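Undergrad: Here you go, my_file_22.pdb (PDB, C-alpha atoms):
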ATOM      1  CA  MET A 271     -70.040  27.953 -46.674
ATOM      2  CA  ASN A 272     -73.521  28.089 -48.122
ATOM      3  CA  ASN A 273     -73.184  26.133 -51.363
ATOM      4  CA  ARG A 274     -76.771  26.861 -52.360
ATOM      5  CA  ILE A 275     -75.822  30.354 -53.492
ATOM      6  CA  GLN A 276     -74.774  30.852 -57.104
ATOM      7  CA  TRP A 277     -72.199  33.659 -57.321
ATOM      8  CA  PRO A 278     -72.439  35.403 -60.698
ATOM      9  CA  ASP A 279     -69.421  37.007 -62.312
ATOM     10  CA  PRO A 280     -67.692  39.289 -61.222
ATOM     11  CA  PHE A 281     -68.012  37.530 -57.831
ATOM     12  CA  ASP A 282     -65.627  34.603 -57.486
ATOM     13  CA  ASP A 283     -65.928  31.725 -55.021
ATOM     14  CA  SER A 284     -62.958  29.657 -56.222
ATOM     15  CA  LEU A 285     -60.703  30.389 -53.230
ATOM     16  CA  ALA A 286     -60.172  27.798 -50.510
ATOM     17  CA  GLY A 287     -61.869  28.320 -47.170
ATOM     18  CA  GLY A 288     -65.194  29.491 -48.528
ATOM     19  CA  MET A 289     -64.091  33.019 -49.392
ATOM     20  CA  VAL A 290     -66.166  34.874 -51.980
ATOM     21  CA  TYR A 291     -64.518  37.939 -53.462
ATOM     22  CA  ARG A 292     -64.827  40.622 -56.064
ATOM     23  CA  LYS A 293     -62.125  42.907 -57.443
ATOM     24  CA  PHE A 294     -62.264  46.403 -58.868
ATOM     25  CA  LEU A 295     -59.770  48.795 -60.391
ATOM     26  CA  TYR A 296     -59.657  52.468 -59.440
ATOM     27  CA  CYS A 297     -56.980  55.026 -60.404
ATOM     28  CA  GLY A 298     -54.653  52.255 -61.535
ATOM     29  CA  GLN A 299     -54.853  50.320 -58.235
ATOM     30  CA  LEU A 300     -56.506  46.902 -57.994
ATOM     31  CA  TYR A 301     -58.654  46.273 -54.882
ATOM     32  CA  GLY A 302     -60.404  43.194 -53.541
ATOM     33  CA  ILE A 303     -63.451  42.806 -51.317
ATOM     34  CA  GLY A 304     -63.662  39.390 -49.668
ATOM     35  CA  PHE A 305     -66.645  37.862 -47.898
ATOM     36  CA  GLN A 306     -66.347  34.908 -45.532
ATOM     37  CA  GLU A 307     -69.440  33.295 -44.049
ATOM     38  CA  LEU A 308     -69.321  32.887 -40.258
ATOM     39  CA  PRO A 309     -71.765  30.141 -39.247
ATOM     40  CA  THR A 310     -71.164  30.216 -35.474
ATOM     41  CA  LEU A 311     -70.414  32.601 -32.630
ATOM     42  CA  ALA A 312     -66.983  30.950 -32.261
ATOM     43  CA  ASP A 313     -66.209  31.829 -35.907
ATOM     44  CA  LEU A 314     -67.218  35.410 -35.190
ATOM     45  CA  GLU A 315     -65.114  35.616 -32.031
ATOM     46  CA  SER A 316     -62.104  34.330 -33.983
ATOM     47  CA  LYS A 317     -62.253  37.678 -35.840
ATOM     48  CA  HIS A 318     -61.683  39.462 -32.471
ATOM     49  CA  ILE A 319     -65.013  41.269 -32.607
ATOM     50  CA  LYS A 320     -66.291  42.226 -29.157
ATOM     51  CA  LEU A 321     -69.894  41.655 -30.121
ATOM     52  CA  ASN A 322     -71.133  41.635 -26.541
ATOM     53  CA  HIS A 323     -70.267  45.346 -26.365
ATOM     54  CA  ALA A 324     -71.096  46.369 -29.943
ATOM     55  CA  PHE A 325     -74.487  44.650 -30.095
ATOM     56  CA  PRO A 326     -75.304  42.649 -26.913
ATOM     57  CA  GLN A 327     -78.688  41.423 -28.161
ATOM     58  CA  PHE A 328     -77.220  39.908 -31.344
ATOM     59  CA  ARG A 329     -78.202  36.293 -31.983
ATOM     60  CA  PHE A 330     -77.228  33.888 -34.737
ATOM     61  CA  SER A 331     -80.242  32.778 -36.692
ATOM     62  CA  GLN A 332     -80.985  29.823 -38.934
ATOM     63  CA  ASN A 333     -82.755  32.208 -41.321
ATOM     64  CA  ASN A 334     -79.815  34.312 -42.400
ATOM     65  CA  SER A 335     -76.064  34.350 -42.466
ATOM     66  CA  VAL A 336     -73.312  36.473 -40.994
ATOM     67  CA  TRP A 337     -70.445  37.464 -43.276
ATOM     68  CA  ALA A 338     -67.024  38.907 -42.451
ATOM     69  CA  VAL A 339     -65.950  41.593 -44.923
ATOM     70  CA  LEU A 340     -62.279  42.009 -45.843
ATOM     71  CA  PHE A 341     -60.845  44.793 -47.978
ATOM     72  CA  ASP A 342     -57.322  45.019 -49.363
ATOM     73  CA  THR A 343     -55.216  46.220 -52.245
ATOM     74  CA  ILE A 344     -54.228  43.477 -54.687
ATOM     75  CA  ASP A 345     -50.873  42.976 -56.382
ATOM     76  CA  PRO A 346     -51.796  42.823 -60.091
ATOM     77  CA  VAL A 347     -48.817  40.575 -60.911
ATOM     78  CA  THR A 348     -49.346  37.886 -58.251
ATOM     79  CA  ASP A 349     -53.102  38.518 -57.748
ATOM     80  CA  SER A 350     -52.383  38.406 -53.991
ATOM     81  CA  PRO A 351     -53.505  40.749 -51.193
ATOM     82  CA  LEU A 352     -50.887  43.259 -50.052
ATOM     83  CA  GLY A 353     -51.360  42.765 -46.307
ATOM     84  CA  PHE A 354     -54.005  45.331 -45.330
ATOM     85  CA  LYS A 355     -51.649  48.297 -45.599
ATOM     86  CA  HIS A 356     -53.155  51.746 -45.717
ATOM     87  CA  VAL A 357     -53.364  53.486 -49.038
ATOM     88  CA  LYS A 358     -52.953  57.240 -49.284
ATOM     89  CA  PHE A 359     -55.580  58.848 -51.522
ATOM     90  CA  ASP A 360     -55.520  62.231 -53.197
ATOM     91  CA  GLY A 361     -58.618  64.437 -53.234
ATOM     92  CA  LEU A 362     -61.876  62.529 -53.375
ATOM     93  CA  ALA A 363     -60.318  59.197 -54.395
ATOM     94  CA  GLY A 364     -60.798  57.670 -50.912
ATOM     95  CA  GLY A 365     -64.502  58.446 -51.049
ATOM     96  CA  ARG A 366     -64.762  56.885 -54.497
ATOM     97  CA  VAL A 367     -63.068  53.708 -53.276
ATOM     98  CA  LEU A 368     -65.445  53.581 -50.271
ATOM     99  CA  GLN A 369     -68.350  54.065 -52.669
ATOM    100  CA  ASN A 370     -67.177  51.036 -54.687
ATOM    101  CA  VAL A 371     -66.842  48.977 -51.501
ATOM    102  CA  ALA A 372     -70.357  49.919 -50.357
ATOM    103  CA  SER A 373     -71.771  49.077 -53.773
ATOM    104  CA  ILE A 374     -70.115  45.643 -53.757
ATOM    105  CA  ILE A 375     -71.429  44.903 -50.248
ATOM    106  CA  TYR A 376     -74.912  45.845 -51.450
ATOM    107  CA  ASP A 377     -74.542  43.571 -54.510
ATOM    108  CA  HIS A 378     -73.391  40.744 -52.220
ATOM    109  CA  TYR A 379     -76.445  41.271 -50.005
ATOM    110  CA  ASN A 380     -78.779  41.163 -53.018
ATOM    111  CA  ILE A 381     -77.406  37.733 -53.930
ATOM    112  CA  CYS A 382     -77.277  36.036 -50.517
ATOM    113  CA  ASP A 383     -79.722  38.021 -48.322
ATOM    114  CA  ALA A 384     -77.188  38.209 -45.476
ATOM    115  CA  GLY A 385     -78.464  38.962 -41.998
ATOM    116  CA  ALA A 386     -75.311  40.775 -40.870
ATOM    117  CA  TYR A 387     -71.861  41.904 -41.932
ATOM    118  CA  VAL A 388     -68.877  42.251 -39.596
ATOM    119  CA  PHE A 389     -65.548  43.951 -40.249
ATOM    120  CA  SER A 390     -62.733  45.737 -38.471
ATOM    121  CA  ALA A 391     -60.872  48.961 -39.174
ATOM    122  CA  ALA A 392     -57.222  48.140 -39.781
ATOM    123  CA  GLU A 393     -54.741  50.043 -37.652
ATOM    124  CA  ASP A 394     -52.536  52.605 -39.361
ATOM    125  CA  ARG A 395     -49.235  51.265 -38.058
ATOM    126  CA  GLU A 396     -47.238  53.256 -40.637
ATOM    127  CA  HIS A 397     -49.071  56.517 -39.727
ATOM    128  CA  GLU A 398     -49.983  57.189 -43.347
ATOM    129  CA  ARG A 399     -53.520  58.448 -42.785
ATOM    130  CA  GLY A 400     -54.551  61.870 -41.580
ATOM    131  CA  THR A 401     -57.813  60.395 -40.270
ATOM    132  CA  ASP A 402     -57.967  56.981 -38.618
ATOM    133  CA  LEU A 403     -59.958  54.372 -40.538
ATOM    134  CA  SER A 404     -62.220  53.769 -37.525
ATOM    135  CA  VAL A 405     -63.262  57.442 -37.662
ATOM    136  CA  ILE A 406     -63.966  57.166 -41.392
ATOM    137  CA  TYR A 407     -66.081  54.023 -40.881
ATOM    138  CA  SER A 408     -67.930  55.564 -37.932
ATOM    139  CA  ARG A 409     -68.699  58.674 -39.967
ATOM    140  CA  ALA A 410     -69.928  56.650 -42.939
ATOM    141  CA  LEU A 411     -72.123  54.443 -40.738
ATOM    142  CA  GLY A 412     -73.462  57.234 -38.514
ATOM    143  CA  LEU A 413     -71.784  56.026 -35.317
ATOM    144  CA  GLN A 414     -69.875  57.777 -32.523
ATOM    145  CA  GLY A 415     -72.083  60.876 -32.841
ATOM    146  CA  HIS A 416     -71.814  61.221 -36.642
ATOM    147  CA  ARG A 417     -74.712  61.442 -39.098
ATOM    148  CA  THR A 418     -75.011  58.542 -41.535
ATOM    149  CA  SER A 419     -73.280  59.273 -44.829
ATOM    150  CA  ARG A 420     -75.354  59.614 -47.993
ATOM    151  CA  LEU A 421     -73.139  56.839 -49.294
ATOM    152  CA  PHE A 422     -75.275  54.352 -47.353
ATOM    153  CA  SER A 423     -78.700  55.794 -48.254
ATOM    154  CA  PRO A 424     -79.658  52.716 -50.378
ATOM    155  CA  PHE A 425     -79.156  50.526 -47.280
ATOM    156  CA  ILE A 426     -82.673  50.975 -45.888
ATOM    157  CA  GLY A 427     -83.356  48.944 -42.759
ATOM    158  CA  TRP A 428     -79.662  48.399 -41.992
ATOM    159  CA  ASN A 429     -78.300  49.187 -38.523
ATOM    160  CA  ALA A 430     -74.675  49.618 -37.492
ATOM    161  CA  TYR A 431     -72.911  48.927 -34.191
ATOM    162  CA  THR A 432     -69.307  49.253 -33.048
ATOM    163  CA  ASP A 433     -67.110  48.141 -30.151
ATOM    164  CA  ILE A 434     -64.901  51.256 -30.215
ATOM    165  CA  ASP A 435     -66.080  52.269 -26.721
ATOM    166  CA  ALA A 436     -64.653  48.965 -25.439
ATOM    167  CA  GLY A 437     -61.285  49.613 -27.085
ATOM    168  CA  GLY A 438     -62.065  47.624 -30.229
ATOM    169  CA  ARG A 439     -62.057  48.541 -33.905
ATOM    170  CA  SER A 440     -64.896  46.318 -35.087
ATOM    171  CA  TYR A 441     -68.269  46.913 -36.662
ATOM    172  CA  VAL A 442     -71.462  44.897 -36.993
ATOM    173  CA  VAL A 443     -74.052  45.906 -39.568
ATOM    174  CA  THR A 444     -77.391  44.115 -39.476
ATOM    175  CA  THR A 445     -79.503  44.173 -42.610
ATOM    176  CA  GLN A 446     -83.234  44.375 -43.039
ATOM    177  CA  SER A 447     -83.113  40.553 -43.329
ATOM    178  CA  TYR A 448     -81.651  40.084 -39.843
ATOM    179  CA  GLN A 449     -83.950  37.979 -37.670
ATOM    180  CA  PRO A 450     -82.704  37.089 -34.170
TER     181      PRO A 450
END
Using the file provided, produce a representation of the structure as structure tokens.

TA:
Amino acid sequence: MNNRIQWPDPFDDSLAGGMVYRKFLYCGQLYGIGFQELPTLADLESKHIKLNHAFPQFRFSQNNSVWAVLFDTIDPVTDSPLGFKHVKFDGLAGGRVLQNVASIIYDHYNICDAGAYVFSAAEDREHERGTDLSVIYSRALGLQGHRTSRLFSPFIGWNAYTDIDAGGRSYVVTTQSYQP
């Protein structure tokens, strides 16, 4: 992990393994956004991201970092993640949660000037969602034939890629700081 970065509150870097995270509360539910720096291609591949399909010209650079993004609900009693289970939202609550996530990613970028973010859409094994998470992410990021959501309008110079066509569920988002 890059120890040169100072993570101001409410970011927390006290977890083992170099994880930086930030929590937020919405409609009585506690959520956590975790960021893990991936210094090598092997670290990236360990996240099962088929980068060669999503973004074949991607290169790791000495100038900027690649971060995995994790999102989960948090048990307020144990302060532990609840295992990436899907949460059913009423009305516009899902959009509000996604707005908080996007805002936190943007805040993270403003601190560390990341070159890229990678993440995967969790599978809905319990069949609790009407719309698959990969469709929601693709819509928000303007992939798979969708227009980019207004939610990501502050992210000027960012480009998104996915490996859905290769049977994956992963995403790569390069920032305006990405330099191959």

Undergrad: Would you give me, as a Markdown table, each residue of stretch 286-349 of chain A having an atom within 10 Å of an atom of stretch 383-392 of chain A, along with its shortest atom pair and that distance in Å to one decimal, using all atoms listed in the file and sorting by chain and residue number?

TA:
| residue | atom | partner | partner_atom | distance |
| --- | --- | --- | --- | --- |
| A:Phe305 | CA | A:Tyr387 | CA | 8.9 |
| A:Gln306 | CA | A:Tyr387 | CA | 9.6 |
| A:Glu307 | CA | A:Tyr387 | CA | 9.2 |
| A:Leu308 | CA | A:Val388 | CA | 9.4 |
| A:Leu314 | CA | A:Val388 | CA | 8.3 |
| A:Lys317 | CA | A:Phe389 | CA | 8.3 |
| A:His318 | CA | A:Ser390 | CA | 8.7 |
| A:Ile319 | CA | A:Ser390 | CA | 7.7 |
| A:Leu321 | CA | A:Val388 | CA | 9.5 |
| A:Phe328 | CA | A:Ala386 | CA | 9.8 |
| A:Phe330 | CA | A:Gly385 | CA | 8.9 |
| A:Ser331 | CA | A:Gly385 | CA | 8.3 |
| A:Gln332 | CA | A:Gly385 | CA | 10.0 |
| A:Asn333 | CA | A:Gly385 | CA | 8.0 |
| A:Asn334 | CA | A:Gly385 | CA | 4.9 |
| A:Ser335 | CA | A:Ala384 | CA | 5.0 |
| A:Val336 | CA | A:Ala386 | CA | 4.7 |
| A:Trp337 | CA | A:Tyr387 | CA | 4.9 |
| A:Ala338 | CA | A:Val388 | CA | 4.8 |
| A:Val339 | CA | A:Phe389 | CA | 5.3 |
| A:Leu340 | CA | A:Phe389 | CA | 6.8 |
| A:Phe341 | CA | A:Phe389 | CA | 9.1 |

Undergrad: Which residue is closest to A:Asp282? Choose from A:Ile406, A:Asn429, A:Gly302, A:Val442 and count only C-alpha atoms.

TA: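 Ranking A:Ile406, A:Asn429, A:Gly302, A:Val442 by distance to A:Asp282, first place goes to A:Gly302.
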
Undergrad: One decimal, Å: what's the distance from atom CA of A:Ala430 over to atom CA of A:Arg399, could you say?

TA: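 Here the two named atoms are 23.5 Å from each other.
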
Undergrad: My list of candidates is A:Gly400, A:Asp279, A:Thr348, A:Ile303. Which is closest to A:Ile375 when distances are computed with only C-alpha atoms?

TA: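 Of A:Gly400, A:Asp279, A:Thr348, A:Ile303, the one nearest A:Ile375, counting only C-alpha atoms, is A:Ile303.
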
Undergrad: Kindly give the distance, in Å, that separates atom CA of A:Tyr301 and atom CA of A:Asn380, rounded to a single decimal.

TA: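 It comes out at 20.8 Å.
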
Undergrad: Figure out the distance between atom CA of A:Asp435 and atom CA of A:Tyr376, please, to one decimal in Å.

TA: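 According to the coordinates, atom CA of A:Tyr376 and atom CA of A:Asp435 are separated by 27.0 Å.
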
Undergrad: For each of A:Tyr291, A:Tyr296, A:Tyr379, A:Phe325, take the minimum atom-to-atom distance to A:Ala436, counting all atoms listed in the file, then give the residue where this is smallest.

TA: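 Selected residue with least distance to A:Ala436: A:Phe325.
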
Undergrad: I need the residue set behind the PyMOL selection byres ((chain A and resi 419) around 12) for this file; please write it as a PyMOL selection string.

TA: chain A and resi 365+368-369+372+406-413+416-418+420-425

Undergrad: Write out the residues from the selection above, keeping C-alpha atoms, as an mmCIF file, in the frame of the given file.

TA:
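That gives us out34.cif:
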data_model
loop_
_atom_site.group_PDB
_atom_site.id
_atom_site.type_symbol
_atom_site.label_atom_id
_atom_site.label_comp_id
_atom_site.auth_asym_id
_atom_site.auth_seq_id
_atom_site.Cartn_x
_atom_site.Cartn_y
_atom_site.Cartn_z
ATOM 1 C CA GLY A 365 -64.502 58.446 -51.049
ATOM 2 C CA LEU A 368 -65.445 53.581 -50.271
ATOM 3 C CA GLN A 369 -68.350 54.065 -52.669
ATOM 4 C CA ALA A 372 -70.357 49.919 -50.357
ATOM 5 C CA ILE A 406 -63.966 57.166 -41.392
ATOM 6 C CA TYR A 407 -66.081 54.023 -40.881
ATOM 7 C CA SER A 408 -67.930 55.564 -37.932
ATOM 8 C CA ARG A 409 -68.699 58.674 -39.967
ATOM 9 C CA ALA A 410 -69.928 56.650 -42.939
ATOM 10 C CA LEU A 411 -72.123 54.443 -40.738
ATOM 11 C CA GLY A 412 -73.462 57.234 -38.514
ATOM 12 C CA LEU A 413 -71.784 56.026 -35.317
ATOM 13 C CA HIS A 416 -71.814 61.221 -36.642
ATOM 14 C CA ARG A 417 -74.712 61.442 -39.098
ATOM 15 C CA THR A 418 -75.011 58.542 -41.535
ATOM 16 C CA ARG A 420 -75.354 59.614 -47.993
ATOM 17 C CA LEU A 421 -73.139 56.839 -49.294
ATOM 18 C CA PHE A 422 -75.275 54.352 -47.353
ATOM 19 C CA SER A 423 -78.700 55.794 -48.254
ATOM 20 C CA PRO A 424 -79.658 52.716 -50.378
ATOM 21 C CA PHE A 425 -79.156 50.526 -47.280
#

Undergrad: Looking at A:Leu311, A:Val443, A:Ile275, A:Leu300, which one is nearest to A:Leu352, with distances taken over only C-alpha atoms?

TA: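 Under the stated criterion, the closest residue is A:Leu300.
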
Undergrad: Could you tell me, as a ChimeraX atom specification, exactly which residues end up selected when the PyMOL selection byres ((chain A and resi 445) around 6) is applied to this structure?

TA: /A:385-386,428,444,446-448

Undergrad: Once the PyMOL selection byres ((chain A and resi 345) around 12) is applied to the coordinates I shared, what remains selected? I want it as a list in words.

TA: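 That selection, the PyMOL selection byres ((chain A and resi 345) around 12), comes back as Lys293, Leu295, Gly298, Gln299, Leu300, Tyr301, Gly302, Asp342, Thr343, Ile344, Pro346, Val347, Thr348, Asp349, Ser350, Pro351, Leu352, Gly353 and Phe354 of chain A.
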
Undergrad: Measuring atom to atom with all atoms listed in the file, identify which of A:Arg366, A:Gln276, A:Thr310, A:Ser440 is nearest to A:Leu403.

TA: A:Ser440

Undergrad: Rank nothing, just name the residue among A:Val367, A:Ile381, A:Ala312, A:Cys297 nearest to A:Phe281, using only C-alpha atoms.

TA: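 Looking at the shortest contact to A:Phe281, the residue is A:Ile381.
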
Undergrad: As AutoDock Vina command-line options, please report the centre and edge lengths, rounded to one decimal in Å, of the axis-aligned box that holds all listed atoms of stretch 397-409 of chain A with 4 Å of padding on each of the six sides.

TA:
--center_x -58.9 --center_y 57.8 --center_z -40.4 --size_x 27.6 --size_y 16.1 --size_z 13.8
